[in-house]
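structure.tsv follows (TSV, C-alpha atoms and all ligand atoms):
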chain	number	residue	atom	x	y	z
A	13	MET	CA	88.99	107.88	111.00
A	14	LYS	CA	90.96	106.58	108.02
A	15	GLU	CA	89.02	106.55	104.75
A	16	TYR	CA	89.67	104.23	101.85
A	17	LYS	CA	88.11	104.28	98.37
A	18	ILE	CA	87.50	100.83	96.93
A	19	ALA	CA	86.65	100.03	93.33
A	20	VAL	CA	84.26	97.09	93.32
A	21	LEU	CA	84.10	94.94	90.18
A	22	PRO	CA	81.74	92.00	90.81
A	23	GLY	CA	81.98	90.65	87.23
A	24	ASP	CA	80.24	87.43	86.19
A	25	GLY	CA	78.89	84.11	87.46
A	26	ILE	CA	79.25	83.87	91.23
A	27	GLY	CA	81.13	87.23	91.33
A	28	PRO	CA	78.00	89.26	92.24
A	29	GLU	CA	77.17	86.73	95.02
A	30	ILE	CA	80.56	86.53	96.75
A	31	VAL	CA	81.65	90.19	96.55
A	32	PRO	CA	78.79	91.53	98.76
A	33	GLU	CA	79.76	89.02	101.48
A	34	ALA	CA	83.33	90.36	101.52
A	35	ILE	CA	81.97	93.92	101.74
A	36	LYS	CA	79.81	92.94	104.74
A	37	VAL	CA	82.97	91.73	106.46
A	38	LEU	CA	85.00	94.80	105.49
A	39	ASP	CA	82.30	97.10	106.89
A	40	LYS	CA	82.26	95.21	110.16
A	41	VAL	CA	86.04	95.37	110.69
A	42	GLY	CA	85.88	99.02	109.63
A	43	GLU	CA	83.49	99.68	112.53
A	44	MET	CA	85.74	97.79	114.90
A	45	TYR	CA	89.04	99.41	113.91
A	46	GLY	CA	87.97	102.97	113.03
A	47	LEU	CA	88.28	102.58	109.24
A	48	SER	CA	85.79	103.88	106.72
A	49	PHE	CA	85.37	102.35	103.29
A	50	SER	CA	83.53	103.88	100.35
A	51	TYR	CA	82.66	101.68	97.39
A	52	GLU	CA	82.12	102.49	93.75
A	53	GLU	CA	81.04	99.73	91.36
A	54	GLY	CA	82.31	99.23	87.83
A	55	TYR	CA	81.50	96.85	85.00
A	56	ILE	CA	84.02	94.22	83.96
A	57	GLY	CA	84.05	91.02	81.91
A	58	GLY	CA	80.87	89.59	80.43
A	59	ALA	CA	78.75	91.99	82.47
A	60	ALA	CA	80.60	94.90	80.80
A	61	ILE	CA	80.21	93.34	77.34
A	62	ASP	CA	76.45	93.11	77.93
A	63	ALA	CA	76.21	96.64	79.31
A	64	VAL	CA	78.55	98.65	77.07
A	65	GLY	CA	79.92	96.24	74.44
A	66	GLU	CA	83.51	95.78	75.72
A	67	PRO	CA	85.08	93.72	78.53
A	68	LEU	CA	87.16	96.53	80.10
A	69	PRO	CA	85.47	99.92	79.64
A	70	GLN	CA	87.65	103.04	80.01
A	71	GLU	CA	85.33	104.16	82.83
A	72	THR	CA	86.23	101.03	84.83
A	73	LEU	CA	89.94	101.60	84.24
A	74	ASP	CA	89.60	105.24	85.38
A	75	LEU	CA	87.69	104.12	88.47
A	76	CYS	CA	90.47	101.63	89.35
A	77	LYS	CA	93.18	104.25	88.89
A	78	LYS	CA	91.57	106.72	91.29
A	79	SER	CA	90.85	104.10	93.98
A	80	ASP	CA	92.98	102.97	96.94
A	81	ALA	CA	92.35	99.29	96.17
A	82	ILE	CA	90.29	97.10	93.84
A	83	LEU	CA	88.04	94.21	94.80
A	84	LEU	CA	87.26	91.89	91.89
A	85	GLY	CA	84.83	88.94	91.83
A	86	ALA	CA	85.52	86.87	88.71
A	87	VAL	CA	84.92	87.14	84.98
A	88	GLY	CA	83.86	84.84	82.17
A	89	GLY	CA	81.24	82.28	81.35
A	90	PRO	CA	79.79	80.19	78.52
A	91	LYS	CA	77.67	83.09	77.26
A	92	TRP	CA	80.82	84.89	76.01
A	93	ASP	CA	83.00	81.89	75.08
A	94	ASN	CA	82.38	82.22	71.35
A	95	LEU	CA	83.55	85.82	71.03
A	96	PRO	CA	86.96	86.51	69.46
A	97	VAL	CA	89.77	86.06	72.05
A	98	GLU	CA	90.47	89.80	72.55
A	99	LYS	CA	86.78	90.41	73.25
A	100	ARG	CA	86.42	87.57	75.75
A	101	PRO	CA	86.12	88.55	79.41
A	102	GLU	CA	89.41	86.98	80.57
A	103	ALA	CA	91.82	87.99	77.79
A	104	GLY	CA	89.98	91.25	77.09
A	105	ALA	CA	89.65	92.40	80.71
A	106	LEU	CA	92.06	90.77	83.15
A	107	LEU	CA	95.32	90.91	81.18
A	108	PRO	CA	94.83	94.53	80.00
A	109	LEU	CA	93.77	95.56	83.53
A	110	ARG	CA	96.92	94.05	85.07
A	111	LYS	CA	99.03	95.67	82.37
A	112	ALA	CA	97.40	99.12	82.63
A	113	LEU	CA	97.82	99.17	86.40
A	114	GLY	CA	101.39	97.77	86.31
A	115	LEU	CA	100.48	94.90	88.66
A	116	TYR	CA	103.86	93.16	88.68
A	117	ALA	CA	103.45	90.75	91.62
A	118	ASN	CA	100.84	88.10	92.25
A	119	ILE	CA	100.64	86.93	95.83
A	120	ARG	CA	98.81	83.70	96.58
A	121	PRO	CA	98.61	82.12	99.98
A	122	SER	CA	98.14	78.36	100.37
A	123	VAL	CA	96.93	77.73	103.86
A	124	VAL	CA	95.73	74.33	105.00
A	125	TYR	CA	93.07	74.74	107.67
A	126	GLU	CA	93.04	72.00	110.25
A	127	GLU	CA	89.27	71.61	109.85
A	128	LEU	CA	89.62	71.02	106.09
A	129	ALA	CA	92.83	68.97	106.03
A	130	ASP	CA	90.92	65.84	105.01
A	131	ALA	CA	89.79	67.57	101.81
A	132	SER	CA	93.39	67.72	100.53
A	133	THR	CA	94.56	65.10	98.04
A	134	LEU	CA	97.72	64.76	100.15
A	135	LYS	CA	97.93	62.87	103.44
A	136	LYS	CA	96.78	64.92	106.40
A	137	GLU	CA	100.09	64.48	108.24
A	138	VAL	CA	101.96	65.90	105.23
A	139	VAL	CA	99.82	69.01	104.60
A	140	LEU	CA	98.73	69.99	108.09
A	141	GLY	CA	100.50	73.21	109.06
A	142	THR	CA	101.09	74.39	105.48
A	143	ASP	CA	101.17	78.19	105.34
A	144	LEU	CA	102.91	79.14	102.12
A	145	LEU	CA	102.85	82.42	100.23
A	146	THR	CA	103.83	82.22	96.57
A	147	ILE	CA	104.95	85.44	94.94
A	148	ARG	CA	104.88	85.26	91.17
A	149	GLU	CA	106.37	87.85	88.82
A	150	LEU	CA	103.43	88.89	86.68
A	151	THR	CA	104.46	91.29	83.92
A	152	GLY	CA	107.71	89.91	82.50
A	153	GLY	CA	109.25	86.71	81.18
A	154	ILE	CA	108.08	84.40	78.45
A	155	TYR	CA	104.39	85.39	78.57
A	156	PHE	CA	105.27	88.94	77.56
A	157	GLY	CA	108.31	88.30	75.32
A	158	ALA	CA	108.29	88.47	71.52
A	159	LYS	CA	106.33	85.65	69.91
A	160	TYR	CA	106.57	84.68	66.30
A	161	ARG	CA	106.61	81.89	63.76
A	162	SER	CA	109.02	81.52	60.89
A	163	GLU	CA	110.66	79.01	58.60
A	164	ASP	CA	114.18	77.90	57.73
A	165	GLU	CA	115.68	75.04	55.70
A	166	ARG	CA	114.45	72.47	58.29
A	167	GLY	CA	110.85	73.72	58.24
A	168	SER	CA	108.43	75.87	60.24
A	169	PHE	CA	109.21	76.86	63.82
A	170	ALA	CA	107.86	79.02	66.66
A	171	VAL	CA	109.66	81.22	69.16
A	172	ASP	CA	108.64	82.64	72.55
A	173	GLU	CA	111.27	84.96	73.93
A	174	ASN	CA	112.00	84.84	77.68
A	175	LYS	CA	113.53	88.10	78.87
A	176	TYR	CA	114.12	89.52	82.34
A	177	TYR	CA	115.73	92.78	83.35
A	178	VAL	CA	117.76	92.96	86.57
A	179	ASP	CA	115.45	95.65	87.96
A	180	GLU	CA	112.39	93.42	87.37
A	181	ILE	CA	114.03	90.58	89.32
A	182	GLU	CA	115.16	92.91	92.11
A	183	ARG	CA	111.67	94.44	92.42
A	184	ILE	CA	109.85	91.13	92.90
A	185	CYS	CA	112.54	89.60	95.13
A	186	ARG	CA	112.69	92.71	97.33
A	187	LEU	CA	108.93	92.37	97.86
A	188	ALA	CA	109.38	88.69	98.75
A	189	PHE	CA	112.11	89.43	101.31
A	190	LYS	CA	110.08	92.26	102.87
A	191	ILE	CA	106.98	90.07	103.18
A	192	ALA	CA	109.06	87.18	104.58
A	193	ARG	CA	110.23	89.47	107.37
A	194	THR	CA	106.59	89.84	108.48
A	195	ARG	CA	106.08	86.04	108.55
A	196	GLY	CA	108.48	83.08	108.82
A	197	ASN	CA	111.57	85.01	107.63
A	198	LYS	CA	112.44	82.50	104.90
A	199	VAL	CA	112.46	82.89	101.10
A	200	THR	CA	112.68	80.04	98.61
A	201	SER	CA	113.73	81.34	95.20
A	202	VAL	CA	112.75	79.04	92.33
A	203	ASP	CA	114.59	79.02	89.01
A	204	LYS	CA	116.14	76.71	86.41
A	205	ALA	CA	119.67	78.10	86.67
A	206	ASN	CA	121.22	74.81	85.53
A	207	VAL	CA	119.71	75.37	82.05
A	208	LEU	CA	118.34	78.88	81.46
A	209	GLU	CA	120.29	82.13	81.16
A	210	THR	CA	117.36	84.16	82.54
A	211	SER	CA	117.44	81.87	85.58
A	212	ARG	CA	121.19	82.37	86.05
A	213	LEU	CA	120.59	86.12	86.06
A	214	TRP	CA	117.67	85.57	88.45
A	215	ARG	CA	119.85	83.66	90.90
A	216	GLU	CA	122.79	86.11	90.72
A	217	THR	CA	120.39	89.00	91.30
A	218	VAL	CA	118.57	87.45	94.24
A	219	VAL	CA	121.88	86.47	95.89
A	220	ALA	CA	123.29	90.00	95.46
A	221	LEU	CA	120.10	91.59	96.84
A	222	HIS	CA	120.11	89.19	99.78
A	223	ASP	CA	123.77	89.98	100.59
A	224	LYS	CA	123.17	93.72	100.34
A	225	GLU	CA	119.80	94.23	102.06
A	226	PHE	CA	118.32	91.07	103.54
A	227	LYS	CA	121.06	89.07	105.29
A	228	ASP	CA	118.66	88.48	108.21
A	229	VAL	CA	116.24	86.49	106.00
A	230	GLU	CA	116.96	82.82	105.26
A	231	LEU	CA	117.35	82.22	101.52
A	232	GLU	CA	116.98	78.85	99.79
A	233	HIS	CA	117.25	78.10	96.05
A	234	LEU	CA	115.40	75.31	94.26
A	235	TYR	CA	115.29	74.31	90.61
A	236	VAL	CA	111.70	74.43	89.45
A	237	ASP	CA	111.39	70.68	88.83
A	238	ASN	CA	112.67	69.97	92.33
A	239	ALA	CA	110.39	72.70	93.74
A	240	ALA	CA	107.37	70.88	92.26
A	241	MET	CA	108.46	67.74	94.12
A	242	GLN	CA	109.37	69.40	97.40
A	243	LEU	CA	106.04	71.20	97.42
A	244	ILE	CA	104.18	67.93	97.80
A	245	LEU	CA	106.87	66.22	99.89
A	246	ARG	CA	107.39	68.90	102.54
A	247	PRO	CA	104.83	71.71	102.05
A	248	THR	CA	105.08	72.84	105.67
A	249	SER	CA	108.77	73.74	105.29
A	250	PHE	CA	108.03	76.67	102.98
A	251	ASP	CA	107.31	80.24	104.02
A	252	VAL	CA	107.60	82.60	101.02
A	253	MET	CA	108.34	81.24	97.55
A	254	VAL	CA	109.33	83.70	94.82
A	255	THR	CA	109.62	82.89	91.15
A	256	GLU	CA	109.29	84.10	87.57
A	257	ASN	CA	106.04	84.35	85.62
A	258	MET	CA	105.67	80.93	83.97
A	259	PHE	CA	107.11	78.85	86.84
A	260	GLY	CA	104.82	80.78	89.18
A	261	ASP	CA	101.77	80.15	87.01
A	262	ILE	CA	102.30	76.41	87.31
A	263	LEU	CA	103.46	76.22	90.93
A	264	THR	CA	100.65	78.43	92.28
A	265	ASP	CA	98.05	76.08	90.81
A	266	GLN	CA	99.83	73.10	92.32
A	267	ALA	CA	100.08	74.86	95.68
A	268	SER	CA	96.40	75.81	95.60
A	269	VAL	CA	94.94	72.32	95.08
A	270	MET	CA	96.92	71.00	98.04
A	271	THR	CA	94.67	72.99	100.35
A	272	GLY	CA	91.50	71.11	99.39
A	273	SER	CA	89.14	73.73	97.97
A	274	ILE	CA	89.76	76.53	95.53
A	275	GLY	CA	86.87	78.35	97.21
A	276	MET	CA	89.18	79.09	100.16
A	277	LEU	CA	92.06	80.92	98.47
A	278	GLY	CA	92.44	84.65	98.10
A	279	SER	CA	94.98	86.48	95.97
A	280	ALA	CA	96.55	89.90	95.57
A	281	SER	CA	98.11	91.52	92.52
A	282	ILE	CA	100.35	94.34	93.58
A	283	GLY	CA	101.66	97.19	91.47
A	284	GLY	CA	102.93	100.71	91.82
A	285	GLU	CA	99.90	102.80	92.77
A	286	VAL	CA	96.99	100.47	93.39
A	287	ALA	CA	96.56	96.74	94.10
A	288	LEU	CA	93.87	94.30	93.05
A	289	TYR	CA	92.36	91.64	95.28
A	290	GLU	CA	90.36	88.69	94.01
A	291	PRO	CA	89.63	85.05	94.82
A	292	ALA	CA	91.97	82.58	93.12
A	293	HIS	CA	89.02	80.79	91.48
A	294	GLY	CA	86.95	81.67	88.41
A	295	SER	CA	83.31	82.62	87.95
A	296	ALA	CA	81.97	79.05	88.56
A	297	PRO	CA	79.04	79.37	86.12
A	298	ASP	CA	77.91	75.85	87.07
A	299	ILE	CA	76.78	77.02	90.51
A	300	ALA	CA	76.02	80.71	89.83
A	301	GLY	CA	72.79	82.15	91.21
A	302	GLN	CA	72.14	79.23	93.57
A	303	GLY	CA	73.61	80.51	96.84
A	304	LYS	CA	76.12	77.63	96.76
A	305	ALA	CA	79.34	79.60	96.18
A	306	ASN	CA	81.92	79.67	98.94
A	307	PRO	CA	82.65	83.37	99.66
A	308	LEU	CA	85.64	82.68	101.95
A	309	ALA	CA	88.26	83.16	99.21
A	310	THR	CA	86.86	86.64	98.58
A	311	ILE	CA	86.60	87.37	102.29
A	312	LEU	CA	90.23	86.29	102.74
A	313	SER	CA	91.13	88.52	99.77
A	314	VAL	CA	89.86	91.58	101.64
A	315	ALA	CA	92.00	90.49	104.61
A	316	MET	CA	94.94	90.62	102.17
A	317	MET	CA	93.79	94.10	101.09
A	318	LEU	CA	93.91	95.28	104.70
A	319	LYS	CA	97.38	93.76	105.08
A	320	TYR	CA	99.11	94.75	101.84
A	321	SER	CA	97.36	97.97	100.78
A	322	PHE	CA	96.40	99.56	104.09
A	323	GLU	CA	98.85	97.96	106.56
A	324	GLU	CA	95.97	97.26	108.94
A	325	LEU	CA	97.52	94.04	110.20
A	326	LYS	CA	95.29	93.60	113.25
A	327	ALA	CA	92.09	93.97	111.25
A	328	ALA	CA	93.42	91.47	108.68
A	329	ALA	CA	94.35	88.94	111.36
A	330	ARG	CA	90.91	89.38	112.91
A	331	ILE	CA	89.22	88.36	109.63
A	332	GLU	CA	91.48	85.32	109.27
A	333	ALA	CA	90.67	84.27	112.83
A	334	ALA	CA	86.93	84.76	112.21
A	335	VAL	CA	87.10	82.52	109.12
A	336	LYS	CA	88.85	79.80	111.17
A	337	LYS	CA	86.20	80.13	113.85
A	338	VAL	CA	83.35	79.66	111.35
A	339	LEU	CA	85.05	76.52	110.01
A	340	ALA	CA	85.75	75.21	113.51
A	341	SER	CA	82.05	75.68	114.34
A	342	GLY	CA	81.25	73.25	111.53
A	343	TYR	CA	79.64	75.53	108.92
A	344	ARG	CA	80.28	74.57	105.31
A	345	THR	CA	79.25	75.52	101.77
A	346	PRO	CA	78.71	72.50	99.46
A	347	ASP	CA	82.28	72.55	98.02
A	348	ILE	CA	83.78	71.75	101.45
A	349	MET	CA	80.83	69.87	102.96
A	350	GLU	CA	81.56	66.76	105.04
A	351	GLU	CA	79.38	64.40	107.04
A	352	GLY	CA	78.21	65.80	110.34
A	353	LYS	CA	78.73	69.46	109.35
A	354	THR	CA	76.11	72.17	108.84
A	355	LEU	CA	75.37	73.14	105.25
A	356	VAL	CA	75.00	76.91	104.77
A	357	SER	CA	74.50	79.30	101.85
A	358	THR	CA	76.83	81.98	100.48
A	359	SER	CA	75.17	84.81	102.40
A	360	GLU	CA	74.91	82.77	105.59
A	361	VAL	CA	78.69	82.32	105.52
A	362	GLY	CA	79.11	86.11	105.24
A	363	ASP	CA	76.77	86.61	108.21
A	364	LEU	CA	78.60	83.96	110.24
A	365	VAL	CA	81.99	85.59	109.62
A	366	VAL	CA	80.55	88.98	110.66
A	367	LYS	CA	79.19	87.38	113.82
A	368	ALA	CA	82.52	85.66	114.55
A	369	LEU	CA	84.32	89.02	114.22
B	401	LIG	P1	86.24	77.95	88.17
B	401	LIG	O1	87.26	78.27	89.19
B	401	LIG	O2	85.24	79.00	87.89
B	401	LIG	O3	85.45	76.61	88.60
B	401	LIG	C1	86.10	75.36	88.76
B	401	LIG	C2	85.25	74.48	89.70
B	401	LIG	O4	85.38	74.98	91.03
B	401	LIG	C3	83.76	74.51	89.38
B	401	LIG	O5	83.20	73.26	89.65
B	401	LIG	C4	83.19	75.53	90.35
B	401	LIG	O6	81.85	75.31	90.71
B	401	LIG	C5	84.12	75.35	91.55
B	401	LIG	N1	84.28	76.63	92.29
B	401	LIG	C6	85.01	77.69	91.91
B	401	LIG	N2	84.89	78.67	92.81
B	401	LIG	C7	84.08	78.22	93.77
B	401	LIG	C8	83.56	78.78	94.97
B	401	LIG	N3	83.86	80.02	95.38
B	401	LIG	N4	82.73	78.04	95.72
B	401	LIG	C9	82.41	76.79	95.35
B	401	LIG	N5	82.86	76.20	94.24
B	401	LIG	C10	83.69	76.90	93.45
B	401	LIG	O7	87.03	77.54	86.84
B	401	LIG	P2	86.46	77.15	85.40
B	401	LIG	O8	85.22	76.34	85.53
B	401	LIG	O9	87.63	76.61	84.68
B	401	LIG	O10	86.09	78.54	84.73
B	401	LIG	C11	84.79	79.13	84.72
B	401	LIG	C12	84.87	80.51	84.10
B	401	LIG	O11	85.71	81.36	84.93
B	401	LIG	C13	85.54	80.50	82.73
B	401	LIG	O12	84.88	81.43	81.90
B	401	LIG	C14	86.97	80.92	83.03
B	401	LIG	O13	87.61	81.49	81.92
B	401	LIG	C15	86.75	81.93	84.13
B	401	LIG	N6	87.91	82.18	85.00
B	401	LIG	C16	88.04	83.43	85.48
B	401	LIG	C17	89.06	83.71	86.35
B	401	LIG	C18	89.14	85.10	86.92
B	401	LIG	O14	88.19	85.85	86.83
B	401	LIG	N7	90.24	85.48	87.53
B	401	LIG	C19	89.96	82.72	86.74
B	401	LIG	C20	89.78	81.42	86.26
B	401	LIG	C21	88.74	81.16	85.38
Produce structure tokens that represent the structure in this file.
Amino acid sequence: MKEYKIAVLPGDGIGPEIVPEAIKVLDKVGEMYGLSFSYEEGYIGGAAIDAVGEPLPQETLDLCKKSDAILLGAVGGPKWDNLPVEKRPEAGALLPLRKALGLYANIRPSVVYEELADASTLKKEVVLGTDLLTIRELTGGIYFGAKYRSEDERGSFAVDENKYYVDEIERICRLAFKIARTRGNKVTSVDKANVLETSRLWRETVVALHDKEFKDVELEHLYVDNAAMQLILRPTSFDVMVTENMFGDILTDQASVMTGSIGMLGSASIGGEVALYEPAHGSAPDIAGQGKANPLATILSVAMMLKYSFEELKAAARIEAAVKKVLASGYRTPDIMEEGKTLVSTSEVGDLVVKAL
């Protein structure tokens, strides 16, 4: 039996409600596929501030480093909003965690489920069939470049430096090509090569890598402004989209709302040694503690864990199929509720997915 050690960081708000549902599901697929999971919990975010006075305790970081994968709920909430920025749950925990673990790629699927297609802001006939994976570079570019303010004869100004090394571009694009080979075999690389030097280097690098190692994968290039348009014009034509940090930040949010509910989207942040899995949404303090949270994003995040960290593709596909089955049977949390469907609580959804497995 294969054994995996998982660091569990429930965090704040609905985090402690949705994470146990994903663990229920993981345990069930473990039983079915001969996998054994052990869990160790750590404090993060506001919960860590309350317990030990800082958002990312060293103990939590050590726990993450010795684990095979990390399952995170969400962090943040009004209780901690007035603390100085570096002490706040998001800036004080998530960014340093990603940095310390070298998580250089953020992978976000945008899947439109047939049963929920009416919840999208786009027309059903446009979005139905969308199954896009956006891969965003997470540790380079303008968010991490030098930032400063200064003055010259014209007046005050501000600078944010955008810098990319060839090896950073190769690393993220290689991941995109490899993942594309396991899916639709197509990569759309997004840049602004008509204006930016970093984008010209991006495009040269992706073309060279494609020629050298991935000739079998279809490669398309889009300027970021056009990509934003094409995403809502022809979302079903995309398979894997790869892009730099800031473009990815914006496009992943656009791609996520197309699907209807943020409560349905998982995400993975992949690095060298260990990867982190979390729902794409936040801690939803407005509904915390009421059994209203949709746990499917977290459940789909553990399917991503099985796929990307453990290469247990069958177990991952089984979870995805079970989620579809629960939706097809008409069960809904309030965020995706429609007339004629059956309203269920957070833990009921977890039980239903386990049953569907
Ligand atoms: P949010 O994603 O928490 O909530 C936005 C809206 O979506 C709310 O109405 C919420 O009820 C709803 N929602 C979110 N997840 C849901 C789910 N699983 N089921 C049903 N409804 C769901 O974003 P926000 O309100 O902007 O932020 C709330 C807190 O979360 C803030 O402190 C923010 O900084 C933090 N946050 C954390 C992360 C993270 O941990 N990665 C990400 C984004 C925001």
Legend entry - Within 9 Å of ligand LIG 401 (chain B) (all atoms listed in the file), residues as a ChimeraX atom specification: /A:23-27,30,57,84-93,100-103,106,273-277,290-300,304-310,345-348,358
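Rounded to one decimal, atom CA of A:Val219 and atom CA of A:Leu231 lie 8.4 Å from each other.
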Legend entry - Counting all atoms listed in the file, the residue of A:Glu332, A:Glu29, A:Glu324, A:Glu52 that sits nearest A:Lys17: A:Glu52
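Atom CA of A:Ala205 sits 14.3 Å away from atom CA of A:Val254.
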Inset, instruction - Using all atoms listed in the file, give me every residue within 12 Å of (97.0, 74.9, 97.4) in file coordinates, as a PyMOL selection string. - result: chain A and resi 120-125+129+131-134+139-140+142-146+243-244+247-248+262-279+292-293
Would you output that residue set with C-alpha atoms, as a short mmCIF file (atom, residue, chain, number, x, y, z; two decimals), in the frame of the given file?
data_model
loop_
_atom_site.label_atom_id
_atom_site.label_comp_id
_atom_site.auth_asym_id
_atom_site.auth_seq_id
_atom_site.Cartn_x
_atom_site.Cartn_y
_atom_site.Cartn_z
CA ARG A 120 98.81 83.70 96.58
CA PRO A 121 98.61 82.12 99.98
CA SER A 122 98.14 78.36 100.37
CA VAL A 123 96.93 77.73 103.86
CA VAL A 124 95.73 74.33 105.00
CA TYR A 125 93.07 74.74 107.67
CA ALA A 129 92.83 68.97 106.03
CA ALA A 131 89.79 67.57 101.81
CA SER A 132 93.39 67.72 100.53
CA THR A 133 94.56 65.10 98.04
CA LEU A 134 97.72 64.76 100.15
CA VAL A 139 99.82 69.01 104.60
CA LEU A 140 98.73 69.99 108.09
CA THR A 142 101.09 74.39 105.48
CA ASP A 143 101.17 78.19 105.34
CA LEU A 144 102.91 79.14 102.12
CA LEU A 145 102.85 82.42 100.23
CA THR A 146 103.83 82.22 96.57
CA LEU A 243 106.04 71.20 97.42
CA ILE A 244 104.18 67.93 97.80
CA PRO A 247 104.83 71.71 102.05
CA THR A 248 105.08 72.84 105.67
CA ILE A 262 102.30 76.41 87.31
CA LEU A 263 103.46 76.22 90.93
CA THR A 264 100.65 78.43 92.28
CA ASP A 265 98.05 76.08 90.81
CA GLN A 266 99.83 73.10 92.32
CA ALA A 267 100.08 74.86 95.68
CA SER A 268 96.40 75.81 95.60
CA VAL A 269 94.94 72.32 95.08
CA MET A 270 96.92 71.00 98.04
CA THR A 271 94.67 72.99 100.35
CA GLY A 272 91.50 71.11 99.39
CA SER A 273 89.14 73.73 97.97
CA ILE A 274 89.76 76.53 95.53
CA GLY A 275 86.87 78.35 97.21
CA MET A 276 89.18 79.09 100.16
CA LEU A 277 92.06 80.92 98.47
CA GLY A 278 92.44 84.65 98.10
CA SER A 279 94.98 86.48 95.97
CA ALA A 292 91.97 82.58 93.12
CA HIS A 293 89.02 80.79 91.48
#
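Relative to atom CA of A:Glu182, atom CA of A:Ala220 is found at 9.3 Å.
Of the listed residues (A:Ala105, A:Leu75, A:Val218, A:Val286), A:Val286 comes nearest to A:Phe322; the distances count all atoms listed in the file.
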If the box runs along x, y and z of the file and leaves 8 Å on each side of stretch 214-227 of chain A, what are its centre and edge lengths in Å, one decimal, as lines of an AutoDock Vina configuration file?
center_x = 120.7
center_y = 88.9
center_z = 96.9
size_x = 22.1
size_y = 26.6
size_z = 32.8
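Checking A:Val236, A:Met258, A:Ala81, A:Leu38 one by one against A:Leu21, counting only C-alpha atoms, you find the shortest gap at A:Ala81.
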Legend entry - Best match for closeness to A:Val335 among A:Lys367, A:Arg186, A:Lys353, A:Lys77, counting only C-alpha atoms: A:Lys367
Inset, instruction - Just the residues within 9 Å of A:Ala60, please, counting only C-alpha atoms, with nothing from its chain fewer than 5 positions along; format it as a VMD selection string. - result: chain A and resid 23 54 to 55 65 to 69 101
Keeping only C-alpha atoms, write the selected residues as a JSON list (two decimals), keeping the file's coordinate frame.
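Contents of the output file out03.json:
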[["chain", "number", "residue", "atom", "x", "y", "z"],
["A", 23, "GLY", "CA", 81.98, 90.65, 87.23],
["A", 54, "GLY", "CA", 82.31, 99.23, 87.83],
["A", 55, "TYR", "CA", 81.50, 96.85, 85.00],
["A", 65, "GLY", "CA", 79.92, 96.24, 74.44],
["A", 66, "GLU", "CA", 83.51, 95.78, 75.72],
["A", 67, "PRO", "CA", 85.08, 93.72, 78.53],
["A", 68, "LEU", "CA", 87.16, 96.53, 80.10],
["A", 69, "PRO", "CA", 85.47, 99.92, 79.64],
["A", 101, "PRO", "CA", 86.12, 88.55, 79.41]]
Legend entry - Contacts of A:Arg195 within 12 Å, all atoms listed in the file, excl. fewer than 6 positions in-chain, as a PyMOL selection string: chain A and resi 143-145+188-189+229-230+250-252+325
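The shortest atom-to-atom distance to A:Tyr289, with only C-alpha atoms taken into account, belongs to A:Ile119 out of A:Val365, A:Ala59, A:Leu47, A:Ile119.
Take the candidates A:Arg215, A:Lys159, A:Val199, A:Met241 and check each one against A:Asp228 using only C-alpha atoms; the shortest distance goes to A:Val199.
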Would you mind listing what lies within 12 Å of A:Glu285 as a PDB file with C-alpha atoms, in the coordinates of the input, with only C-alpha atoms counted and same-chain residues fewer than 2 positions away left out?
ATOM      1  CA  CYS A  76      90.470 101.630  89.350  1.00  0.00           C
ATOM      2  CA  LYS A  77      93.180 104.250  88.890  1.00  0.00           C
ATOM      3  CA  LYS A  78      91.570 106.720  91.290  1.00  0.00           C
ATOM      4  CA  SER A  79      90.850 104.100  93.980  1.00  0.00           C
ATOM      5  CA  ASP A  80      92.980 102.970  96.940  1.00  0.00           C
ATOM      6  CA  ALA A  81      92.350  99.290  96.170  1.00  0.00           C
ATOM      7  CA  ILE A  82      90.290  97.100  93.840  1.00  0.00           C
ATOM      8  CA  ALA A 112      97.400  99.120  82.630  1.00  0.00           C
ATOM      9  CA  LEU A 113      97.820  99.170  86.400  1.00  0.00           C
ATOM     10  CA  GLY A 114     101.390  97.770  86.310  1.00  0.00           C
ATOM     11  CA  LEU A 115     100.480  94.900  88.660  1.00  0.00           C
ATOM     12  CA  TYR A 116     103.860  93.160  88.680  1.00  0.00           C
ATOM     13  CA  SER A 281      98.110  91.520  92.520  1.00  0.00           C
ATOM     14  CA  ILE A 282     100.350  94.340  93.580  1.00  0.00           C
ATOM     15  CA  GLY A 283     101.660  97.190  91.470  1.00  0.00           C
ATOM     16  CA  ALA A 287      96.560  96.740  94.100  1.00  0.00           C
ATOM     17  CA  LEU A 288      93.870  94.300  93.050  1.00  0.00           C
ATOM     18  CA  SER A 321      97.360  97.970 100.780  1.00  0.00           C
TER      19      SER A 321
END
Legend entry - Distance query A:Glu256 at most 7 Å, only C-alpha atoms, self and fewer than 2 positions along chain excluded, as a ChimeraX atom specification: /A:148-149,153,258-260
Inset, instruction - Might you pull out every residue within 6 Å of A:Tyr235, with all atoms listed in the file counted and same-chain residues fewer than 3 positions away left off, and present them as number ranges by chain? - result: A: 202-204, 238
